[in-house]
Number of protein chains: 2
Amino acid sequence: MERPATSIDVARMAGVSQSTVSLVLRRKDEGRVTPETAARVRAAARTLDYEPNAVALNLKRGRADVVALVVPTVTQPYFASVLVEAEKEARGAGCDVILFDSGGDDGWTSRLARMVRSRQLDGAIVWAPTDTEAAALASIRDRLVLVEAGSDQFNRIDLQIEHGAELVAEHLAGLGHRRVGYFAVHSPRETYLRRRQALGDYLVKHNGVIVEACSTEAALDLDAAELAAGTLVDAFAVDGSVTAVVCDDDLLAAALVTVCAERDVAVPGRLSVVGYGDLTISRLVRPQLTTVNLPAAVGSLAMRRLIDAVRSRSRRTRKPDLISVPVTLVERASSAAPPEVN
Amino acid sequence: MERPATSIDVARMAGVSQSTVSLVLRRKDEGRVTPETAARVRAAARTLDYEPNAVALNLKRGRADVVALVVPTVTQPYFASVLVEAEKEARGAGCDVILFDSGGDDGWTSRLARMVRSRQLDGAIVWAPTDTEAAALASIRDRLVLVEAGSDQFNRIDLQIEHGAELVAEHLAGLGHRRVGYFAVHSPRETYLRRRQALGDYLVKHNGVIVEACSTEAALDLDAAELAAGTLVDAFAVDGSVTAVVCDDDLLAAALVTVCAERDVAVPGRLSVVGYGDLTISRLVRPQLTTVNLPAAVGSLAMRRLIDAVRSRSRRTRKPDLISVPVTLVERASSAAPPEVN
DNA sequence: TTGTAAGCGTTATCAC
DNA sequence: GTGATAACGCTTACAA
């Protein structure tokens, strides 16, 4: 295992000092080094296959140019697309992105905090942390952007989830639905609670009501979702005690329409179904899902905000801010008027 | 923005030398530092909120403890699960994972090579690189693990794709299919070509044949897939010129069964469909897909191999090797006997 | 125009 | 037991 060449090796070969090598290779030799010397240096660098040691460089600059993205589960298509967006944005700023999964172990908060404080990471974007998690990250809050969560102590990007709920409520109420079921994901993350809460509030304004909420136990796993969907259909849909079900996520909604098909509960004839996400699966199942589009562009937005935060000299003095991103309702075939308008 | 404390600050506060701080905090003070001094150091570290600078540490050790994972598209669920597996494995070894998308720009090879040679990255796992891409990575081949591709110059992990194709061929031939269609993804990656090639070869052994191959243009995008599936169904399935279609990926297969449902082509009554991946969607669509399971455990396997490679002192001397991972056929409802056995 | 030397924050080897 | 001191590979005043 041969040792990679250092700038000293290059200097030796070119017969100059190490600092001259640095000057030439970093293009700071404007009228300081003769073109001949510069050429000699460059030639030496090439023959030695020299590449500056990035770690040494980072130590010198006090910056890592690496940030973390923390999401609940990468396997969820929504987060995968967020990741791609964020990554693209970071790349443009010369940053790399490493991924954390907040779904698995719960030691991630301390690991993240340690990595940021030890300068391995310049900062992080954290998706929907719980209050406890956010609290654990307080010590690094000036290098953090929180998405869909957090107090005004933090830099935040927020989806207009409440407005999404309003759109759903209006859509369903407009179609004539009054008794609406809620298919909730089992998660401590505030964003889901907000979806449900807001929906209930807006439904009431339209004389509607959330009849019953059913949760899956597993976070967002298809098998668990189908099992729970079965229970839900048997309990509330078959007898018509609800005419529409709103789901915390497209995956749940997809499981629900699938189960309905198996039990001959017509969607949307007997039951309307609405999801959140506008993911690929929302167009894969039949009927295609009416769903709230959560833009993946939030990824780039959050990344831009983060890079801005960590690179500005005056992090500490700057007040945390809040960026709000609109969501839209995508009306597809899974929602329609209820069997009989009451 | 206050400067974070260094070991020198701690030393000053504790009234000892900087090296003593290092000794104590790195737990190398076995009978060298008095407990009282050690306690004083620890106290100082705590009050100063000291965290060792990881960049300096890496410079010293000549190791970054960061590796890259390169996949064609993270948004594809299969790769997402691979990522999760690989990440878990890396974490266990104290490594972080950064993600590259080889699907987007094609400058990634040089970027990756540069990052490895500049010691920002200890190494990388690269999924299904093309021959050109692999060639561009030759200079760092001792810190690379290639999955489903590459020559014997590289460390490789290979899925037994040929065997998967054999299983599919046997399954379909056993059911009585002879004329089989192929729904190919448009991709330069060798793994897809191998799937098709091998299937053809094995089908011939059973007096079968691939009647026609149809490609989608977009990589693996649902809309493109449905469009192409429509063409395929119209051309080859409606008139019964093929009785089964094998798809390069579950997403294609899912699109195909969906389109069939829309055109009243019974699956598997008139057309059997087989996919690759055993992804979540393979159980979401109806009928559920018969598919070749590609184990996500390949992710951990590849990561273990990589970490082994980059940490062993004698990288160069060690011969590149090949690990082969079995695949299995998961028989579900989308395949059955053809309308009439010929 | 070029080279010397002082950091950046660690770890580790030795004298004391 | 403890503390100088020399790396690690680079950037950048400043001296020559």
# chains A, B, ... in the order shown; residues from 1 in each chain; ligands from 1
>>> residues_around(residues="region 11-15 of chain C", least_positions_apart="2", cutoff="9 Å", atoms="only C-alpha atoms (C1' of nucleotides)", output="VMD selection string")
(chain B and resid 19 22 to 23 57 60 to 61) or (chain D and resid 4 to 7)
>>> closest_atom_pairs(of="chain A", to="chain B", cutoff="6 Å", atoms="only C-alpha atoms", output="CSV")
residue,atom,partner,partner_atom,distance
A:Met1,CA,B:Arg316,CA,5.1
A:Glu51,CA,B:Ser118,CA,5.5
A:Pro52,CA,B:Ser118,CA,5.7
A:Asn53,CA,B:Ser118,CA,4.7
A:Ala54,CA,B:Ser118,CA,5.2
A:Val55,CA,B:Leu59,CA,5.7
A:Ala56,CA,B:Leu59,CA,5.9
A:Leu59,CA,B:Val55,CA,5.7
A:Thr75,CA,B:Ala80,CA,5.0
A:Pro77,CA,B:Thr75,CA,6.0
A:Ala80,CA,B:Thr75,CA,5.0
A:Ser81,CA,B:Thr75,CA,5.7
A:Val97,CA,B:Ile98,CA,5.9
A:Ile98,CA,B:Ile98,CA,4.3
A:Ser118,CA,B:Asn53,CA,4.6
A:Gln120,CA,B:Ala54,CA,5.7
A:Arg316,CA,B:Met1,CA,5.2
>>> residues_around(residues="Asp152 (chain B)", least_positions_apart="3", cutoff="8 Å", atoms="only C-alpha atoms (C1' of nucleotides)", output="mmCIF file with N, CA and C atoms, in the first residue's frame")
data_model
loop_
_atom_site.group_PDB
_atom_site.id
_atom_site.type_symbol
_atom_site.label_atom_id
_atom_site.label_comp_id
_atom_site.auth_asym_id
_atom_site.auth_seq_id
_atom_site.Cartn_x
_atom_site.Cartn_y
_atom_site.Cartn_z
ATOM 1 N N ASN B 155 -12.968 -5.810 -6.368
ATOM 2 C CA ASN B 155 -13.732 -6.550 -5.376
ATOM 3 C C ASN B 155 -15.187 -6.480 -5.791
ATOM 4 N N ARG B 156 -15.842 -7.614 -5.809
ATOM 5 C CA ARG B 156 -17.206 -7.616 -6.313
ATOM 6 C C ARG B 156 -18.170 -8.395 -5.439
ATOM 7 N N PRO B 320 -8.282 -9.074 -5.542
ATOM 8 C CA PRO B 320 -9.715 -8.765 -5.558
ATOM 9 C C PRO B 320 -10.515 -10.057 -5.481
ATOM 10 N N ASP B 321 -11.633 -10.037 -4.811
ATOM 11 C CA ASP B 321 -12.413 -11.261 -4.748
ATOM 12 C C ASP B 321 -13.866 -11.041 -5.123
ATOM 13 N N LEU B 322 -14.598 -12.132 -5.138
ATOM 14 C CA LEU B 322 -15.978 -12.099 -5.611
ATOM 15 C C LEU B 322 -16.873 -12.838 -4.624
#
>>> residues_around(residues="region 335-341 of chain B", least_positions_apart="2", cutoff="9 Å", atoms="only C-alpha atoms (C1' of nucleotides)", output="list in words")
His171, Leu172, Gly174, Leu175, Gly176, His177, Arg178, Gly240, Thr243, Ala244, Val267, Pro268, Gly269, Arg270, Leu271, Ser272, Val273, Val274, Pro287, Leu289, Thr290, Glu331, Arg332 and Ala333 of chain B
>>> interface_residues(of="chain D", to="chain B", cutoff="6 Å", atoms="only C-alpha atoms (C1' of nucleotides)", output="count of residues only")
3
>>> interface_residues(of="chain C", to="chain B", cutoff="9 Å", atoms="only C-alpha atoms (C1' of nucleotides)", output="list in words")
DC8, DG9, DT10 and DT11 of chain C
